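What follows is the content of data_15.tsv, which has TSV, C-alpha atoms and all ligand atoms:
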chain	number	residue	atom	x	y	z
B	4	MET	CA	128.97	89.93	131.34
B	5	GLU	CA	125.38	91.04	131.89
B	6	ASN	CA	122.73	90.15	129.27
B	7	ILE	CA	121.01	93.39	128.31
B	8	ILE	CA	118.69	91.44	125.97
B	9	ARG	CA	117.45	87.90	126.55
B	10	VAL	CA	114.98	86.06	124.31
B	11	GLN	CA	114.02	82.46	125.05
B	12	CYS	CA	111.93	80.24	122.79
B	13	LEU	CA	109.70	83.01	121.52
B	14	LYS	CA	106.46	82.18	119.74
B	15	HIS	CA	104.55	84.82	117.83
B	16	VAL	CA	101.27	84.41	115.97
B	17	TYR	CA	100.31	87.14	113.47
B	18	PRO	CA	96.61	88.00	113.01
B	19	ASP	CA	96.49	85.92	109.80
B	20	LYS	CA	97.67	82.94	111.92
B	21	THR	CA	101.25	82.93	110.54
B	22	GLU	CA	103.35	81.43	113.34
B	23	VAL	CA	106.94	82.39	114.03
B	24	ASN	CA	108.68	80.14	116.57
B	25	LEU	CA	112.09	81.50	117.47
B	26	CYS	CA	113.43	78.57	119.37
B	27	GLY	CA	116.69	76.66	119.34
B	28	LEU	CA	119.38	78.71	121.00
B	29	ASP	CA	118.56	81.57	123.38
B	30	PHE	CA	119.12	85.00	121.83
B	31	LEU	CA	121.41	86.76	124.29
B	32	VAL	CA	123.08	90.14	123.93
B	33	ASN	CA	125.65	91.41	126.40
B	34	GLN	CA	125.96	95.06	127.33
B	35	GLY	CA	128.27	96.84	124.87
B	36	GLU	CA	128.22	93.96	122.40
B	37	ARG	CA	127.74	94.29	118.62
B	38	VAL	CA	125.36	91.56	117.47
B	39	VAL	CA	124.38	90.90	113.86
B	40	ILE	CA	121.38	88.75	112.95
B	41	LEU	CA	121.57	86.95	109.63
B	42	GLY	CA	119.08	84.76	107.84
B	43	PRO	CA	117.11	84.38	104.63
B	44	ASN	CA	113.91	86.28	103.85
B	45	GLY	CA	111.10	85.35	106.20
B	46	ALA	CA	113.44	83.82	108.81
B	47	GLY	CA	111.92	85.93	111.60
B	48	LYS	CA	114.55	88.68	112.02
B	49	THR	CA	112.12	91.61	111.97
B	50	THR	CA	109.69	89.69	114.18
B	51	LEU	CA	112.46	89.22	116.74
B	52	LEU	CA	113.39	92.93	116.63
B	53	SER	CA	109.73	93.94	117.00
B	54	HIS	CA	109.49	91.88	120.21
B	55	ILE	CA	112.68	93.42	121.60
B	56	LEU	CA	111.21	96.86	120.84
B	57	GLY	CA	107.96	95.97	122.61
B	58	LEU	CA	105.89	96.41	119.44
B	59	LEU	CA	104.63	92.83	119.65
B	60	SER	CA	103.65	90.64	122.56
B	61	PRO	CA	104.81	86.99	122.68
B	62	VAL	CA	102.26	84.18	122.76
B	63	GLU	CA	104.87	81.93	124.39
B	64	GLY	CA	108.44	82.32	125.55
B	65	LYS	CA	110.33	85.08	127.23
B	66	VAL	CA	111.61	88.45	126.01
B	67	GLU	CA	113.58	90.65	128.40
B	68	VAL	CA	115.36	93.93	127.82
B	69	MET	CA	117.27	95.24	130.82
B	70	GLY	CA	115.36	92.67	132.89
B	71	LEU	CA	111.92	93.95	131.80
B	72	ALA	CA	109.29	92.61	129.41
B	73	PRO	CA	109.35	95.23	126.60
B	74	TYR	CA	105.67	94.95	125.63
B	75	LYS	CA	104.54	95.59	129.21
B	76	ASN	CA	107.12	98.31	129.88
B	77	PHE	CA	107.05	100.01	126.52
B	78	ASN	CA	107.87	103.58	127.63
B	79	THR	CA	110.75	102.60	129.92
B	80	ILE	CA	112.26	100.30	127.34
B	81	ARG	CA	111.91	102.73	124.45
B	82	LYS	CA	113.77	105.40	126.42
B	83	ASN	CA	116.73	103.00	126.35
B	84	ILE	CA	116.49	101.81	122.74
B	85	GLY	CA	117.12	103.79	119.58
B	86	VAL	CA	115.79	102.22	116.41
B	87	VAL	CA	116.33	102.68	112.70
B	88	PHE	CA	113.70	100.82	110.71
B	89	GLN	CA	114.29	99.35	107.28
B	90	ASN	CA	112.04	101.92	105.64
B	91	VAL	CA	113.38	105.20	107.04
B	92	ASP	CA	110.82	107.25	105.07
B	93	GLU	CA	108.18	106.11	107.56
B	94	GLN	CA	110.27	107.25	110.50
B	95	ILE	CA	111.41	110.73	109.42
B	96	ILE	CA	108.55	113.08	110.25
B	97	GLY	CA	109.99	116.55	110.89
B	98	PRO	CA	109.53	119.33	108.30
B	99	ARG	CA	113.29	120.01	108.46
B	100	VAL	CA	116.07	117.63	109.42
B	101	TYR	CA	116.71	119.69	112.59
B	102	ASP	CA	113.10	119.32	113.75
B	103	ASP	CA	113.12	115.64	113.03
B	104	ILE	CA	116.19	115.04	115.18
B	105	ALA	CA	114.81	117.39	117.86
B	106	PHE	CA	111.52	115.45	118.07
B	107	THR	CA	112.41	113.17	121.02
B	108	PRO	CA	114.19	115.76	123.21
B	109	ARG	CA	111.28	118.20	122.67
B	110	ASN	CA	108.80	115.42	123.37
B	111	GLU	CA	110.59	114.62	126.62
B	112	GLY	CA	110.30	118.25	127.69
B	113	LEU	CA	113.94	119.31	127.35
B	114	SER	CA	114.53	123.06	127.14
B	115	LYS	CA	115.27	124.75	123.82
B	116	GLU	CA	118.95	125.08	124.77
B	117	GLU	CA	119.30	121.47	125.93
B	118	THR	CA	117.52	120.24	122.80
B	119	HIS	CA	119.81	122.35	120.60
B	120	LYS	CA	122.90	121.01	122.36
B	121	LYS	CA	121.77	117.40	121.84
B	122	VAL	CA	120.86	117.91	118.17
B	123	MET	CA	124.20	119.60	117.41
B	124	ALA	CA	126.16	116.92	119.29
B	125	VAL	CA	124.58	114.02	117.41
B	126	ALA	CA	124.79	115.90	114.07
B	127	LYS	CA	128.52	116.36	114.70
B	128	THR	CA	129.05	112.68	115.57
B	129	LEU	CA	127.26	111.65	112.38
B	130	LYS	CA	128.82	114.45	110.31
B	131	ILE	CA	125.45	115.76	109.07
B	132	GLU	CA	125.61	119.37	110.31
B	133	GLU	CA	125.18	120.64	106.73
B	134	LEU	CA	121.88	118.75	106.41
B	135	LEU	CA	120.14	120.31	109.41
B	136	ASN	CA	118.19	122.91	107.41
B	137	LYS	CA	117.19	120.59	104.62
B	138	ILE	CA	113.75	119.17	103.91
B	139	PRO	CA	114.02	115.41	104.60
B	140	HIS	CA	111.99	114.45	101.53
B	141	TYR	CA	114.77	115.68	99.21
B	142	LEU	CA	117.64	113.85	100.90
B	143	SER	CA	119.41	110.92	99.26
B	144	GLY	CA	118.79	107.41	100.60
B	145	GLY	CA	122.11	107.39	102.46
B	146	GLN	CA	121.49	110.83	103.97
B	147	LYS	CA	118.02	109.72	105.11
B	148	LYS	CA	119.54	106.70	106.90
B	149	LYS	CA	121.95	109.02	108.73
B	150	VAL	CA	119.14	111.41	109.71
B	151	ALA	CA	117.04	108.50	111.00
B	152	LEU	CA	120.08	107.31	112.94
B	153	ALA	CA	120.58	110.80	114.39
B	154	GLY	CA	116.93	110.84	115.52
B	155	ALA	CA	117.41	107.41	117.11
B	156	MET	CA	120.64	108.40	118.88
B	157	VAL	CA	119.92	111.99	119.93
B	158	MET	CA	119.24	110.95	123.55
B	159	MET	CA	122.16	108.46	123.46
B	160	PRO	CA	120.15	105.35	124.38
B	161	LYS	CA	121.96	102.27	125.70
B	162	ILE	CA	120.84	100.06	122.80
B	163	LEU	CA	120.67	100.73	119.06
B	164	ILE	CA	118.59	98.47	116.84
B	165	MET	CA	118.93	98.70	113.07
B	166	ASP	CA	116.91	96.68	110.57
B	167	GLU	CA	118.83	96.46	107.28
B	168	PRO	CA	120.84	99.70	107.68
B	169	PHE	CA	122.89	99.10	104.52
B	170	ASP	CA	119.92	98.52	102.24
B	171	SER	CA	120.28	100.65	99.08
B	172	LEU	CA	123.53	102.30	100.23
B	173	ASP	CA	126.43	102.61	97.77
B	174	PRO	CA	129.79	101.09	98.84
B	175	LYS	CA	131.17	104.41	100.17
B	176	SER	CA	128.03	105.18	102.20
B	177	LYS	CA	128.05	101.59	103.48
B	178	GLY	CA	131.62	102.02	104.73
B	179	GLU	CA	130.68	105.33	106.38
B	180	MET	CA	127.67	103.75	108.07
B	181	VAL	CA	129.79	100.87	109.41
B	182	SER	CA	132.34	103.27	110.88
B	183	ILE	CA	129.62	105.52	112.41
B	184	ILE	CA	127.94	102.52	114.05
B	185	ASN	CA	131.26	101.22	115.33
B	186	GLN	CA	132.12	104.66	116.70
B	187	LEU	CA	128.81	104.80	118.61
B	188	ASN	CA	129.70	101.44	120.13
B	189	LYS	CA	133.34	102.22	120.91
B	190	LYS	CA	133.04	105.82	122.09
B	191	HIS	CA	129.62	105.76	123.70
B	192	GLY	CA	129.33	102.07	124.71
B	193	VAL	CA	126.11	101.60	122.71
B	194	THR	CA	124.95	97.96	122.42
B	195	LEU	CA	124.16	97.14	118.80
B	196	VAL	CA	121.66	94.73	117.29
B	197	VAL	CA	121.69	94.83	113.49
B	198	THR	CA	120.03	92.72	110.80
B	199	THR	CA	121.54	92.65	107.35
B	200	HIS	CA	121.69	90.65	104.13
B	201	ASP	CA	125.00	92.35	103.38
B	202	ILE	CA	127.34	89.59	104.43
B	203	ASN	CA	130.57	91.33	103.45
B	204	VAL	CA	130.17	94.11	106.05
B	205	VAL	CA	129.60	91.62	108.90
B	206	PRO	CA	133.22	90.89	109.92
B	207	ALA	CA	133.84	94.63	110.40
B	208	LEU	CA	130.66	95.05	112.41
B	209	ALA	CA	129.99	92.00	114.57
B	210	ASP	CA	131.34	90.70	117.84
B	211	ALA	CA	128.73	87.97	117.58
B	212	ILE	CA	126.45	86.63	114.86
B	213	TYR	CA	123.17	84.76	115.14
B	214	ILE	CA	121.84	82.85	112.15
B	215	LEU	CA	118.07	82.37	111.91
B	216	LYS	CA	116.26	80.05	109.55
B	217	ASP	CA	112.51	79.32	109.50
B	218	GLY	CA	112.19	80.79	112.97
B	219	LYS	CA	114.98	78.63	114.38
B	220	ILE	CA	118.09	80.15	115.92
B	221	LEU	CA	120.70	77.88	114.34
B	222	VAL	CA	124.00	79.19	115.63
B	223	ARG	CA	125.78	81.89	117.61
B	224	GLY	CA	129.47	82.74	117.38
B	225	THR	CA	132.08	85.22	116.23
B	226	PRO	CA	132.30	85.83	112.46
B	227	GLN	CA	135.41	83.62	112.34
B	228	GLU	CA	133.59	80.80	114.16
B	229	VAL	CA	130.32	81.03	112.22
B	230	PHE	CA	131.50	81.63	108.67
B	231	VAL	CA	133.52	78.41	108.56
B	232	GLN	CA	130.41	76.31	109.37
B	233	VAL	CA	129.64	75.51	105.75
B	234	ASP	CA	126.64	73.26	106.50
B	235	VAL	CA	124.91	75.88	108.66
B	236	LEU	CA	125.52	78.56	106.03
B	237	LYS	CA	124.09	76.32	103.33
B	238	GLU	CA	121.02	75.57	105.46
B	239	ALA	CA	120.40	79.31	105.84
B	240	ASN	CA	121.13	80.13	102.16
B	241	LEU	CA	124.15	82.21	103.15
B	242	GLU	CA	127.61	82.51	101.68
B	243	PRO	CA	130.62	83.50	103.77
B	244	PRO	CA	132.12	86.97	103.25
B	245	ILE	CA	134.51	86.81	100.32
B	246	LEU	CA	137.57	88.02	102.28
B	247	LEU	CA	136.93	85.57	105.08
B	248	GLU	CA	136.58	82.69	102.63
B	249	LEU	CA	139.76	83.66	100.76
B	250	PHE	CA	141.86	83.90	103.90
B	251	THR	CA	140.36	80.71	105.36
B	252	ARG	CA	141.40	78.91	102.15
B	253	LEU	CA	144.91	80.36	102.37
B	254	ARG	CA	145.15	79.24	106.00
B	255	ARG	CA	144.01	75.73	105.00
B	256	LYS	CA	146.88	75.73	102.50
B	257	GLY	CA	149.22	76.34	105.38
B	258	TYR	CA	149.71	80.12	105.33
B	259	ASN	CA	149.60	81.38	108.91
B	260	MET	CA	147.68	84.58	108.21
B	261	ASN	CA	145.25	86.55	110.37
B	262	ILE	CA	141.67	86.62	109.10
B	263	PRO	CA	140.97	90.27	108.15
B	264	ASN	CA	137.84	92.18	109.17
B	265	ASN	CA	138.00	94.59	106.24
B	266	LEU	CA	139.83	95.44	103.03
B	267	ASP	CA	142.53	97.50	104.79
B	268	GLU	CA	143.44	94.61	107.08
B	269	ALA	CA	143.41	92.21	104.11
B	270	GLU	CA	145.79	94.47	102.19
B	271	GLU	CA	148.14	94.62	105.17
B	272	GLU	CA	148.13	90.81	105.57
B	273	LEU	CA	148.74	90.23	101.87
B	274	LEU	CA	151.53	92.81	101.69
B	275	SER	CA	153.12	91.25	104.72
B	276	MET	CA	152.92	87.84	103.03
B	277	LEU	CA	154.38	89.19	99.80
B	278	LYS	CA	157.26	90.63	101.79
B	279	GLY	CA	157.83	87.12	103.13
B	280	ASN	CA	156.57	87.66	106.67
B	281	ALA	CA	153.76	85.07	106.57
B	282	LYS	CA	154.88	81.81	108.08
B	283	ILE	CA	154.07	78.62	106.24
B	284	VAL	CA	152.93	76.22	108.95
B	285	ASN	CA	152.36	73.24	106.61
B	286	SER	CA	153.61	72.83	103.07
B	287	PRO	CA	151.20	74.60	100.77
B	288	SER	CA	149.39	72.04	98.58
G	1	LIG	N1	102.30	91.51	109.79
G	1	LIG	C1	102.42	90.24	109.43
G	1	LIG	N2	101.33	89.47	109.21
G	1	LIG	C2	101.44	88.17	108.86
G	1	LIG	N3	102.61	87.52	108.72
G	1	LIG	C3	103.73	88.23	108.91
G	1	LIG	C4	103.71	89.62	109.27
G	1	LIG	N4	104.97	90.06	109.38
G	1	LIG	C5	105.76	88.99	109.12
G	1	LIG	N5	105.03	87.90	108.83
G	1	LIG	C6	105.52	86.54	108.51
G	1	LIG	O1	106.38	86.11	109.56
G	1	LIG	C7	107.50	85.40	109.04
G	1	LIG	C8	108.79	86.08	109.50
G	1	LIG	O2	108.86	87.38	108.88
G	1	LIG	P1	109.96	88.47	109.24
G	1	LIG	O3	109.55	89.74	108.58
G	1	LIG	O4	110.17	88.47	110.70
G	1	LIG	O5	111.24	87.83	108.52
G	1	LIG	P2	112.65	88.51	108.17
G	1	LIG	O6	113.68	87.50	108.56
G	1	LIG	O7	112.74	89.84	108.77
G	1	LIG	O8	112.58	88.60	106.58
G	1	LIG	P3	113.28	89.64	105.56
G	1	LIG	O9	114.73	89.28	105.50
G	1	LIG	O10	112.58	89.34	104.27
G	1	LIG	O11	113.00	91.04	106.06
G	1	LIG	C9	107.31	85.35	107.53
G	1	LIG	O12	106.70	84.14	107.20
G	1	LIG	C10	106.36	86.51	107.25
G	1	LIG	O13	105.55	86.27	106.12

Could you quickly redo this structure as structure tokens?
Ligand SMILES: Nc1ncnc2c1ncn2[C@@H]1O[C@H](COP(=O)(O)OP(=O)(O)OP(=O)(O)O)[C@@H](O)[C@H]1O
Amino acid sequence: MENIIRVQCLKHVYPDKTEVNLCGLDFLVNQGERVVILGPNGAGKTTLLSHILGLLSPVEGKVEVMGLAPYKNFNTIRKNIGVVFQNVDEQIIGPRVYDDIAFTPRNEGLSKEETHKKVMAVAKTLKIEELLNKIPHYLSGGQKKKVALAGAMVMMPKILIMDEPFDSLDPKSKGEMVSIINQLNKKHGVTLVVTTHDINVVPALADAIYILKDGKILVRGTPQEVFVQVDVLKEANLEPPILLELFTRLRRKGYNMNIPNNLDEAEEELLSMLKGNAKIVNSPS
């Protein structure tokens, strides 16, 4: 599969001389993949995203998006990347939600009709049609995240980057956000790169996970591969998702159960076990 994003041994130096060296493994994202970046505060996640977005220029190392250096090809790259920043208040600028979402199509010179079509299509996908006339300032935190996402996705870019999209969302809004993001990936083939501290949503969201610590890329793998590496998790101050840990423990005790990605799958597995369908491969201890 083609790497749509490729970052190799990136070094960044901030004006106050803080150095971030993102070395170790290469950071590779395939087209259509859902990649989640995990790591403690200050690990370098936002720095990495800023380089992919072309907001920063590397001192050393290589950053490529669709084969181009983002910093040197900012306009081309940004046409292909939608972004939702951690602080969405800084990104929502329109006087009404409609105008905010219409900003990019208008800016790119689309006609009024084409712009309207695009705004309505993305509002429908994100189920925010009833918000279009509202003043963004008065929206709830979860609504603001959806509006920022609509603005990022209105032109249906190939890549969507989200920095902490679940920050300050309640459990229901979190679940909605996960299913919206997954729908954008499944239905529209959007490649996803997401940072989060919300470990429990990761199995439902990630094809691949990278763990960063002190600027080092420690590991890449599927949630099932990564979350059983206890030493790596400890090094990065992370705990495995609770469902994954529970089912891994049950499997270690000999129950041949599938590891669930979400609560619904966990319920199904447990009900199946209670009905006596789960095979015991070893004697439970
Ligand atoms: N504008 C800046 N000027 C100076 N240092 C910075 C700047 N932005 C980030 N840093 C430093 O770079 C390092 C990596 O920060 P970064 O924001 O990339 O981490 P992060 O993994 O996104 O953290 P968090 O989970 O807290 O958002 C930290 O030591 C941070 O203090």

Padded axis-aligned box of ligand LIG 1 (chain G) (6 Å per side), centre and edge lengths, Å, one decimal, as lines of an AutoDock Vina configuration file:
center_x = 108.0
center_y = 87.8
center_z = 107.5
size_x = 25.4
size_y = 19.4
size_z = 18.4

Q | Protein and nucleic acid residues within 6 Å of ligand LIG 1 (chain G) (all atoms listed in the file) as JSON, numbers by chain | A | {"B": [17, 19, 21, 23, 43, 44, 45, 46, 47, 48, 49, 50]}

Q. Between B:Leu51, B:Leu187, B:Ile162, B:Val32, which is the closest to Lys219 of chain B once you count all atoms listed in the file?
A. B:Leu51

As a PDB file with C-alpha atoms, in the coordinates of the input, please: the residues near Pro263 of chain B (cut-off 8 Å, all atoms listed in the file, same-chain neighbours under 5 positions excluded).
ATOM      1  CA  PRO B 206     133.220  90.890 109.920  1.00  0.00           C
ATOM      2  CA  LEU B 246     137.570  88.020 102.280  1.00  0.00           C
ATOM      3  CA  LEU B 247     136.930  85.570 105.080  1.00  0.00           C
ATOM      4  CA  PHE B 250     141.860  83.900 103.900  1.00  0.00           C
ATOM      5  CA  GLU B 268     143.440  94.610 107.080  1.00  0.00           C
ATOM      6  CA  ALA B 269     143.410  92.210 104.110  1.00  0.00           C
ATOM      7  CA  GLU B 272     148.130  90.810 105.570  1.00  0.00           C
TER       8      GLU B 272
END

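Atom pair atom CA of Gly35 of chain B / atom CA of Glu5 of chain B: separated by 9.6 Å.
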